[in-house]
$ cat query.pdb   # PDB, N, CA and C atoms and all ligand atoms
ATOM      1  N   MET A   1      84.645 -28.816  61.670
ATOM      2  CA  MET A   1      83.633 -29.554  60.929
ATOM      3  C   MET A   1      83.049 -30.639  61.839
ATOM      4  N   VAL A   2      81.734 -30.679  61.923
ATOM      5  CA  VAL A   2      81.086 -31.696  62.759
ATOM      6  C   VAL A   2      80.301 -32.722  61.944
ATOM      7  N   GLY A   3      80.206 -32.476  60.644
ATOM      8  CA  GLY A   3      79.498 -33.430  59.800
ATOM      9  C   GLY A   3      79.720 -33.116  58.344
ATOM     10  N   PHE A   4      79.334 -34.053  57.494
ATOM     11  CA  PHE A   4      79.486 -33.827  56.056
ATOM     12  C   PHE A   4      78.462 -34.663  55.302
ATOM     13  N   VAL A   5      78.228 -34.258  54.070
ATOM     14  CA  VAL A   5      77.358 -35.004  53.168
ATOM     15  C   VAL A   5      77.890 -34.805  51.763
ATOM     16  N   ALA A   6      77.710 -35.795  50.919
ATOM     17  CA  ALA A   6      78.099 -35.653  49.511
ATOM     18  C   ALA A   6      77.027 -36.276  48.634
ATOM     19  N   GLY A   7      76.666 -35.582  47.597
ATOM     20  CA  GLY A   7      75.690 -36.083  46.634
ATOM     21  C   GLY A   7      76.350 -36.294  45.280
ATOM     22  N   ASP A   8      75.872 -37.297  44.564
ATOM     23  CA  ASP A   8      76.439 -37.664  43.262
ATOM     24  C   ASP A   8      75.289 -37.699  42.252
ATOM     25  N   GLN A   9      75.219 -36.681  41.440
ATOM     26  CA  GLN A   9      74.104 -36.562  40.501
ATOM     27  C   GLN A   9      74.369 -37.382  39.243
ATOM     28  N   ARG A  10      73.410 -38.209  38.882
ATOM     29  CA  ARG A  10      73.522 -39.067  37.681
ATOM     30  C   ARG A  10      72.370 -38.715  36.747
ATOM     31  N   ASP A  11      72.543 -37.676  35.980
ATOM     32  CA  ASP A  11      71.438 -37.197  35.142
ATOM     33  C   ASP A  11      70.939 -38.259  34.175
ATOM     34  N   SER A  12      71.867 -39.021  33.579
ATOM     35  CA  SER A  12      71.460 -39.979  32.559
ATOM     36  C   SER A  12      70.610 -41.107  33.141
ATOM     37  N   ARG A  13      70.727 -41.345  34.451
ATOM     38  CA  ARG A  13      69.955 -42.410  35.098
ATOM     39  C   ARG A  13      68.663 -41.880  35.702
ATOM     40  N   GLY A  14      68.555 -40.561  35.816
ATOM     41  CA  GLY A  14      67.343 -39.975  36.393
ATOM     42  C   GLY A  14      67.318 -39.973  37.906
ATOM     43  N   PHE A  15      68.448 -40.357  38.501
ATOM     44  CA  PHE A  15      68.498 -40.264  39.958
ATOM     45  C   PHE A  15      69.890 -39.870  40.414
ATOM     46  N   SER A  16      69.952 -39.419  41.631
ATOM     47  CA  SER A  16      71.215 -39.065  42.273
ATOM     48  C   SER A  16      71.413 -39.992  43.469
ATOM     49  N   TRP A  17      72.647 -40.060  43.925
ATOM     50  CA  TRP A  17      72.958 -40.816  45.141
ATOM     51  C   TRP A  17      73.435 -39.860  46.231
ATOM     52  N   ILE A  18      72.927 -40.068  47.434
ATOM     53  CA  ILE A  18      73.577 -39.501  48.605
ATOM     54  C   ILE A  18      74.747 -40.444  48.867
ATOM     55  N   ALA A  19      75.950 -39.993  48.509
ATOM     56  CA  ALA A  19      77.106 -40.898  48.521
ATOM     57  C   ALA A  19      77.605 -41.165  49.936
ATOM     58  N   THR A  20      77.518 -40.166  50.792
ATOM     59  CA  THR A  20      77.986 -40.326  52.174
ATOM     60  C   THR A  20      77.364 -39.238  53.034
ATOM     61  N   ILE A  21      77.108 -39.577  54.273
ATOM     62  CA  ILE A  21      76.619 -38.591  55.252
ATOM     63  C   ILE A  21      77.042 -39.064  56.634
ATOM     64  N   ALA A  22      77.556 -38.169  57.429
ATOM     65  CA  ALA A  22      77.944 -38.532  58.797
ATOM     66  C   ALA A  22      78.036 -37.281  59.657
ATOM     67  N   VAL A  23      77.782 -37.494  60.947
ATOM     68  CA  VAL A  23      77.885 -36.437  61.953
ATOM     69  C   VAL A  23      78.740 -36.991  63.093
ATOM     70  N   LEU A  24      79.622 -36.173  63.611
ATOM     71  CA  LEU A  24      80.450 -36.599  64.747
ATOM     72  C   LEU A  24      79.549 -37.062  65.892
ATOM     73  N   PRO A  25      79.908 -38.160  66.571
ATOM     74  CA  PRO A  25      79.037 -38.699  67.619
ATOM     75  C   PRO A  25      78.571 -37.655  68.641
ATOM     76  N   ALA A  26      79.449 -36.776  69.056
ATOM     77  CA  ALA A  26      79.069 -35.808  70.091
ATOM     78  C   ALA A  26      78.031 -34.802  69.606
ATOM     79  N   TYR A  27      77.811 -34.753  68.304
ATOM     80  CA  TYR A  27      76.889 -33.762  67.734
ATOM     81  C   TYR A  27      75.640 -34.406  67.143
ATOM     82  N   ARG A  28      75.462 -35.691  67.353
ATOM     83  CA  ARG A  28      74.293 -36.387  66.787
ATOM     84  C   ARG A  28      73.033 -36.073  67.587
ATOM     85  N   ASN A  29      71.913 -36.391  66.972
ATOM     86  CA  ASN A  29      70.585 -36.221  67.593
ATOM     87  C   ASN A  29      70.268 -34.765  67.931
ATOM     88  N   GLN A  30      70.807 -33.862  67.134
ATOM     89  CA  GLN A  30      70.492 -32.438  67.288
ATOM     90  C   GLN A  30      69.918 -31.872  66.002
ATOM     91  N   GLY A  31      69.631 -32.714  65.052
ATOM     92  CA  GLY A  31      69.048 -32.238  63.799
ATOM     93  C   GLY A  31      70.054 -31.935  62.704
ATOM     94  N   ILE A  32      71.339 -32.163  62.974
ATOM     95  CA  ILE A  32      72.360 -31.820  61.977
ATOM     96  C   ILE A  32      72.289 -32.766  60.779
ATOM     97  N   GLY A  33      72.125 -34.062  61.045
ATOM     98  CA  GLY A  33      72.047 -35.025  59.942
ATOM     99  C   GLY A  33      70.872 -34.726  59.023
ATOM    100  N   ARG A  34      69.730 -34.434  59.611
ATOM    101  CA  ARG A  34      68.554 -34.103  58.799
ATOM    102  C   ARG A  34      68.809 -32.841  57.966
ATOM    103  N   ALA A  35      69.441 -31.845  58.587
ATOM    104  CA  ALA A  35      69.729 -30.594  57.878
ATOM    105  C   ALA A  35      70.724 -30.831  56.734
ATOM    106  N   LEU A  36      71.724 -31.672  56.966
ATOM    107  CA  LEU A  36      72.688 -31.985  55.905
ATOM    108  C   LEU A  36      72.003 -32.698  54.740
ATOM    109  N   LEU A  37      71.141 -33.657  55.077
ATOM    110  CA  LEU A  37      70.431 -34.401  54.031
ATOM    111  C   LEU A  37      69.566 -33.449  53.197
ATOM    112  N   SER A  38      68.855 -32.593  53.876
ATOM    113  CA  SER A  38      67.981 -31.648  53.186
ATOM    114  C   SER A  38      68.785 -30.684  52.308
ATOM    115  N   ALA A  39      69.906 -30.205  52.816
ATOM    116  CA  ALA A  39      70.742 -29.277  52.046
ATOM    117  C   ALA A  39      71.282 -29.951  50.792
ATOM    118  N   CYS A  40      71.685 -31.203  50.932
ATOM    119  CA  CYS A  40      72.213 -31.930  49.774
ATOM    120  C   CYS A  40      71.107 -32.173  48.746
ATOM    121  N   GLU A  41      69.946 -32.626  49.219
ATOM    122  CA  GLU A  41      68.824 -32.867  48.306
ATOM    123  C   GLU A  41      68.475 -31.600  47.528
ATOM    124  N   SER A  42      68.577 -30.458  48.185
ATOM    125  CA  SER A  42      68.166 -29.202  47.535
ATOM    126  C   SER A  42      69.085 -28.830  46.383
ATOM    127  N   LYS A  43      70.296 -29.392  46.362
ATOM    128  CA  LYS A  43      71.244 -29.114  45.275
ATOM    129  C   LYS A  43      71.110 -30.106  44.127
ATOM    130  N   LEU A  44      70.420 -31.192  44.362
ATOM    131  CA  LEU A  44      70.271 -32.240  43.346
ATOM    132  C   LEU A  44      68.990 -31.988  42.565
ATOM    133  N   THR A  45      69.046 -32.134  41.255
ATOM    134  CA  THR A  45      67.881 -31.777  40.442
ATOM    135  C   THR A  45      67.183 -32.982  39.820
ATOM    136  N   THR A  46      67.663 -34.176  40.080
ATOM    137  CA  THR A  46      67.017 -35.361  39.513
ATOM    138  C   THR A  46      65.682 -35.629  40.233
ATOM    139  N   PRO A  47      64.745 -36.282  39.546
ATOM    140  CA  PRO A  47      63.449 -36.548  40.184
ATOM    141  C   PRO A  47      63.516 -37.575  41.309
ATOM    142  N   ARG A  48      64.586 -38.376  41.339
ATOM    143  CA  ARG A  48      64.709 -39.386  42.394
ATOM    144  C   ARG A  48      66.087 -39.277  43.045
ATOM    145  N   VAL A  49      66.116 -39.541  44.317
ATOM    146  CA  VAL A  49      67.378 -39.560  45.069
ATOM    147  C   VAL A  49      67.472 -40.911  45.776
ATOM    148  N   ARG A  50      68.630 -41.542  45.674
ATOM    149  CA  ARG A  50      68.845 -42.848  46.295
ATOM    150  C   ARG A  50      70.000 -42.806  47.289
ATOM    151  N   LEU A  51      69.983 -43.754  48.173
ATOM    152  CA  LEU A  51      71.115 -43.945  49.078
ATOM    153  C   LEU A  51      71.123 -45.406  49.480
ATOM    154  N   CYS A  52      72.245 -45.867  49.995
ATOM    155  CA  CYS A  52      72.250 -47.208  50.570
ATOM    156  C   CYS A  52      72.730 -47.117  52.009
ATOM    157  N   VAL A  53      72.180 -48.008  52.819
ATOM    158  CA  VAL A  53      72.420 -47.959  54.250
ATOM    159  C   VAL A  53      72.517 -49.385  54.775
ATOM    160  N   ARG A  54      73.414 -49.584  55.716
ATOM    161  CA  ARG A  54      73.575 -50.899  56.350
ATOM    162  C   ARG A  54      72.238 -51.312  56.970
ATOM    163  N   SER A  55      71.847 -52.546  56.782
ATOM    164  CA  SER A  55      70.508 -52.972  57.210
ATOM    165  C   SER A  55      70.298 -52.842  58.721
ATOM    166  N   GLY A  56      71.381 -52.866  59.506
ATOM    167  CA  GLY A  56      71.237 -52.748  60.949
ATOM    168  C   GLY A  56      71.339 -51.324  61.480
ATOM    169  N   ASN A  57      71.444 -50.372  60.593
ATOM    170  CA  ASN A  57      71.649 -48.972  61.014
ATOM    171  C   ASN A  57      70.285 -48.306  61.236
ATOM    172  N   GLY A  58      69.657 -48.713  62.365
ATOM    173  CA  GLY A  58      68.283 -48.289  62.609
ATOM    174  C   GLY A  58      68.104 -46.784  62.703
ATOM    175  N   GLY A  59      69.070 -46.090  63.312
ATOM    176  CA  GLY A  59      68.942 -44.638  63.445
ATOM    177  C   GLY A  59      68.897 -43.947  62.096
ATOM    178  N   ALA A  60      69.819 -44.321  61.221
ATOM    179  CA  ALA A  60      69.853 -43.710  59.887
ATOM    180  C   ALA A  60      68.603 -44.095  59.091
ATOM    181  N   ILE A  61      68.197 -45.360  59.187
ATOM    182  CA  ILE A  61      67.002 -45.799  58.442
ATOM    183  C   ILE A  61      65.782 -45.006  58.905
ATOM    184  N   ARG A  62      65.700 -44.767  60.208
ATOM    185  CA  ARG A  62      64.561 -43.995  60.729
ATOM    186  C   ARG A  62      64.566 -42.577  60.147
ATOM    187  N   LEU A  63      65.740 -41.969  60.132
ATOM    188  CA  LEU A  63      65.845 -40.627  59.539
ATOM    189  C   LEU A  63      65.370 -40.658  58.085
ATOM    190  N   TYR A  64      65.858 -41.612  57.317
ATOM    191  CA  TYR A  64      65.512 -41.651  55.890
ATOM    192  C   TYR A  64      64.015 -41.911  55.698
ATOM    193  N   GLU A  65      63.450 -42.785  56.519
ATOM    194  CA  GLU A  65      62.008 -43.040  56.389
ATOM    195  C   GLU A  65      61.211 -41.788  56.730
ATOM    196  N   GLN A  66      61.656 -41.076  57.754
ATOM    197  CA  GLN A  66      60.970 -39.824  58.097
ATOM    198  C   GLN A  66      61.062 -38.828  56.952
ATOM    199  N   GLU A  67      62.143 -38.916  56.191
ATOM    200  CA  GLU A  67      62.348 -37.987  55.073
ATOM    201  C   GLU A  67      61.841 -38.575  53.749
ATOM    202  N   SER A  68      60.932 -39.543  53.843
ATOM    203  CA  SER A  68      60.190 -40.075  52.680
ATOM    204  C   SER A  68      61.005 -40.976  51.757
ATOM    205  N   TYR A  69      62.079 -41.546  52.263
ATOM    206  CA  TYR A  69      62.794 -42.576  51.495
ATOM    207  C   TYR A  69      62.110 -43.919  51.741
ATOM    208  N   GLN A  70      62.000 -44.703  50.675
ATOM    209  CA  GLN A  70      61.402 -46.030  50.781
ATOM    210  C   GLN A  70      62.387 -47.082  50.296
ATOM    211  N   ARG A  71      62.314 -48.259  50.857
ATOM    212  CA  ARG A  71      63.219 -49.345  50.460
ATOM    213  C   ARG A  71      62.846 -49.836  49.071
ATOM    214  N   VAL A  72      63.821 -49.871  48.181
ATOM    215  CA  VAL A  72      63.534 -50.346  46.825
ATOM    216  C   VAL A  72      64.372 -51.565  46.448
ATOM    217  N   ASP A  73      65.400 -51.879  47.226
ATOM    218  CA  ASP A  73      66.236 -53.020  46.875
ATOM    219  C   ASP A  73      67.067 -53.419  48.099
ATOM    220  N   VAL A  74      67.604 -54.610  48.057
ATOM    221  CA  VAL A  74      68.553 -55.077  49.074
ATOM    222  C   VAL A  74      69.760 -55.628  48.346
ATOM    223  N   TRP A  75      70.951 -55.152  48.721
ATOM    224  CA  TRP A  75      72.185 -55.704  48.165
ATOM    225  C   TRP A  75      72.749 -56.662  49.226
ATOM    226  N   ARG A  76      72.562 -57.948  48.982
ATOM    227  CA  ARG A  76      72.988 -58.965  49.955
ATOM    228  C   ARG A  76      74.512 -59.004  50.070
ATOM    229  N   GLY A  77      75.011 -58.992  51.308
ATOM    230  CA  GLY A  77      76.443 -59.119  51.550
ATOM    231  C   GLY A  77      77.267 -57.972  51.000
ATOM    232  N   TYR A  78      76.676 -56.798  50.920
ATOM    233  CA  TYR A  78      77.357 -55.650  50.306
ATOM    234  C   TYR A  78      78.582 -55.196  51.108
ATOM    235  N   TYR A  79      78.473 -55.250  52.420
ATOM    236  CA  TYR A  79      79.571 -54.749  53.250
ATOM    237  C   TYR A  79      80.607 -55.848  53.505
ATOM    238  N   LYS A  80      81.821 -55.415  53.818
ATOM    239  CA  LYS A  80      82.928 -56.361  53.965
ATOM    240  C   LYS A  80      82.647 -57.431  55.011
ATOM    241  N   ASP A  81      81.876 -57.066  56.045
ATOM    242  CA  ASP A  81      81.567 -58.047  57.093
ATOM    243  C   ASP A  81      80.373 -58.922  56.729
ATOM    244  N   GLY A  82      79.864 -58.774  55.516
ATOM    245  CA  GLY A  82      78.770 -59.623  55.059
ATOM    246  C   GLY A  82      77.390 -59.048  55.274
ATOM    247  N   ALA A  83      77.314 -57.880  55.939
ATOM    248  CA  ALA A  83      75.997 -57.275  56.184
ATOM    249  C   ALA A  83      75.365 -56.807  54.872
ATOM    250  N   ASP A  84      74.035 -56.802  54.883
ATOM    251  CA  ASP A  84      73.296 -56.356  53.699
ATOM    252  C   ASP A  84      73.178 -54.834  53.676
ATOM    253  N   ALA A  85      73.020 -54.296  52.482
ATOM    254  CA  ALA A  85      72.708 -52.876  52.305
ATOM    255  C   ALA A  85      71.270 -52.754  51.814
ATOM    256  N   LEU A  86      70.541 -51.825  52.406
ATOM    257  CA  LEU A  86      69.222 -51.471  51.885
ATOM    258  C   LEU A  86      69.407 -50.301  50.933
ATOM    259  N   VAL A  87      68.797 -50.395  49.773
ATOM    260  CA  VAL A  87      68.771 -49.258  48.859
ATOM    261  C   VAL A  87      67.449 -48.546  49.082
ATOM    262  N   MET A  88      67.538 -47.261  49.368
ATOM    263  CA  MET A  88      66.332 -46.468  49.638
ATOM    264  C   MET A  88      66.237 -45.348  48.625
ATOM    265  N   GLU A  89      65.014 -45.001  48.293
ATOM    266  CA  GLU A  89      64.799 -43.997  47.245
ATOM    267  C   GLU A  89      63.711 -43.026  47.674
ATOM    268  N   LYS A  90      63.931 -41.785  47.303
ATOM    269  CA  LYS A  90      62.937 -40.732  47.514
ATOM    270  C   LYS A  90      62.534 -40.195  46.145
ATOM    271  N   VAL A  91      61.246 -40.170  45.885
ATOM    272  CA  VAL A  91      60.750 -39.626  44.626
ATOM    273  C   VAL A  91      60.233 -38.233  44.910
ATOM    274  N   ARG A  92      60.771 -37.267  44.168
ATOM    275  CA  ARG A  92      60.377 -35.886  44.371
ATOM    276  C   ARG A  92      59.444 -35.452  43.253
ATOM    277  N   ILE A  93      58.497 -34.631  43.583
ATOM    278  CA  ILE A  93      57.597 -34.092  42.583
ATOM    279  C   ILE A  93      58.285 -32.899  41.937
ATOM    280  N   ALA A  94      58.397 -32.973  40.619
ATOM    281  CA  ALA A  94      59.130 -31.916  39.902
ATOM    282  C   ALA A  94      58.396 -30.578  39.998
TER     283      ALA A  94
HETATM  284  C1  LIG A 101      72.870 -41.092  60.526
HETATM  285  C2  LIG A 101      73.423 -39.761  61.072
HETATM  286  C3  LIG A 101      74.092 -38.992  59.948
HETATM  287  C4  LIG A 101      72.223 -38.944  61.605
HETATM  288  O1  LIG A 101      72.746 -37.689  62.030
HETATM  289  P1  LIG A 101      72.086 -36.918  63.257
HETATM  290  O2  LIG A 101      72.624 -35.523  63.247
HETATM  291  O3  LIG A 101      72.237 -37.701  64.497
HETATM  292  O4  LIG A 101      70.554 -36.924  62.826
HETATM  293  P2  LIG A 101      69.399 -35.976  63.352
HETATM  294  O5  LIG A 101      69.724 -35.419  64.699
HETATM  295  O6  LIG A 101      69.074 -35.005  62.270
HETATM  296  O7  LIG A 101      68.236 -37.027  63.532
HETATM  297  C5  LIG A 101      67.185 -37.087  62.637
HETATM  298  C6  LIG A 101      66.421 -38.389  62.867
HETATM  299  O8  LIG A 101      67.249 -39.526  62.698
HETATM  300  C7  LIG A 101      66.794 -40.565  63.554
HETATM  301  N1  LIG A 101      67.888 -40.949  64.402
HETATM  302  C8  LIG A 101      69.121 -40.437  64.388
HETATM  303  N2  LIG A 101      69.906 -41.110  65.254
HETATM  304  C9  LIG A 101      69.140 -42.060  65.815
HETATM  305  C10 LIG A 101      69.359 -43.082  66.770
HETATM  306  N3  LIG A 101      70.551 -43.269  67.357
HETATM  307  N4  LIG A 101      68.347 -43.899  67.094
HETATM  308  C11 LIG A 101      67.133 -43.738  66.530
HETATM  309  N5  LIG A 101      66.853 -42.770  65.621
HETATM  310  C12 LIG A 101      67.847 -41.950  65.272
HETATM  311  C13 LIG A 101      65.642 -40.045  64.305
HETATM  312  O9  LIG A 101      64.478 -40.413  63.605
HETATM  313  C14 LIG A 101      65.828 -38.555  64.244
HETATM  314  O10 LIG A 101      64.632 -37.869  64.299
HETATM  315  P3  LIG A 101      63.977 -37.441  65.721
HETATM  316  O11 LIG A 101      65.066 -36.728  66.478
HETATM  317  O12 LIG A 101      62.843 -36.570  65.314
HETATM  318  O13 LIG A 101      63.569 -38.715  66.370
HETATM  319  C15 LIG A 101      74.404 -40.002  62.247
HETATM  320  O14 LIG A 101      73.775 -40.839  63.208
HETATM  321  C16 LIG A 101      75.732 -40.614  61.845
HETATM  322  O15 LIG A 101      76.682 -39.927  61.458
HETATM  323  N6  LIG A 101      75.836 -41.941  61.923
HETATM  324  C17 LIG A 101      77.096 -42.631  61.572
HETATM  325  C18 LIG A 101      77.346 -42.599  60.088
HETATM  326  C19 LIG A 101      76.189 -43.212  59.358
HETATM  327  O16 LIG A 101      75.592 -44.208  59.777
HETATM  328  N7  LIG A 101      75.851 -42.604  58.211
HETATM  329  C20 LIG A 101      74.774 -43.072  57.374
HETATM  330  C21 LIG A 101      75.311 -44.062  56.407
HETATM  331  S1  LIG A 101      74.019 -44.486  55.223
END
$ encode --input "query.pdb" --output "structure tokens"
Amino acid sequence: MVGFVAGDQRDSRGFSWIATIAVLPAYRNQGIGRALLSACESKLTTPRVRLCVRSGNGGAIRLYEQESYQRVDVWRGYYKDGADALVMEKVRIA
């Protein structure tokens, strides 16, 4: 296994969360993360998909922006070291 993704569908809220996504360092920048994200999204049926990402994680943020996620919220001090989390959302056309 070189990477994984998990989605958490919340039908009652109208959105799902990409709960986790990661690729082994030696396998990054080859399109695997994008493919995992797309595969997970394809299994989720809610009109919106959300995820949260460390505010300094520029590589992941770039991927999400390329995949049409937009920043909708900031959770201040979300991480144990005090870093903020950006909440990003993708709205899909049904
Ligand atoms: C985020 C992560 C899953 C991306 O996986 P990946 O397989 O490297 O991603 P891809 O090869 O599909 O890259 C897709 C896009 O992401 C962006 N990207 C990925 N890594 C990047 C980096 N180090 N710097 C800048 N952009 C980066 C680029 O926009 C890239 O598109 P491009 O190649 O057309 O420029 C991977 O870097 C990772 O596991 N990081 C550690 C765990 C993590 O941060 N998970 C996300 C928590 S929210």
$ residues_around --input "query.pdb" --residues "segment 29-44 of chain A" --least-positions-apart "4" --cutoff "8 Å" --atoms "only C-alpha atoms" --output "PyMOL selection string"
chain A and resi 3-7+9+16+18+21-23+49+63
$ closest_residue --input "query.pdb" --among "A:Arg10, A:Arg62, A:Arg71, A:Arg92" --to "ligand LIG 101 (chain A)" --atoms "only N, CA and C atoms and all ligand atoms"
A:Arg62
$ atom_distance --input "query.pdb" --atom1 "atom C of Pro47 of chain A" --atom2 "atom CA of Tyr78 of chain A"
24.5 Å
$ select_by_dssp --input "query.pdb" --residues "chain A" --states "strand (DSSP E)" --output "ChimeraX atom specification"
/A:3-10,15-23,48-54,70-75,85-91
$ resolve_selection --input "query.pdb" --expression "the PyMOL selection byres (((chain A and resi 89 and name CA) around 8) and not hetatm and name CA)" --output "list of chain:residue names"
A:Arg48, A:Val49, A:Arg50, A:Leu51, A:Tyr69, A:Gln70, A:Arg71, A:Val72, A:Val87, A:Met88, A:Lys90, A:Val91
$ atom_distance --input "query.pdb" --atom1 "atom N of Gly77 of chain A" --atom2 "atom C of Asn57 of chain A"
15.3 Å
$ atom_distance --input "query.pdb" --atom1 "atom C of Pro25 of chain A" --atom2 "atom N7 of ligand LIG 101 (chain A)"
11.9 Å
$ axis_aligned_box --input "query.pdb" --around "ligand LIG 101 (chain A)" --padding-each-side "8 Å" --output "lines of an AutoDock Vina configuration file"
center_x = 70.1
center_y = -39.7
center_z = 61.3
size_x = 30.5
size_y = 25.5
size_z = 28.1
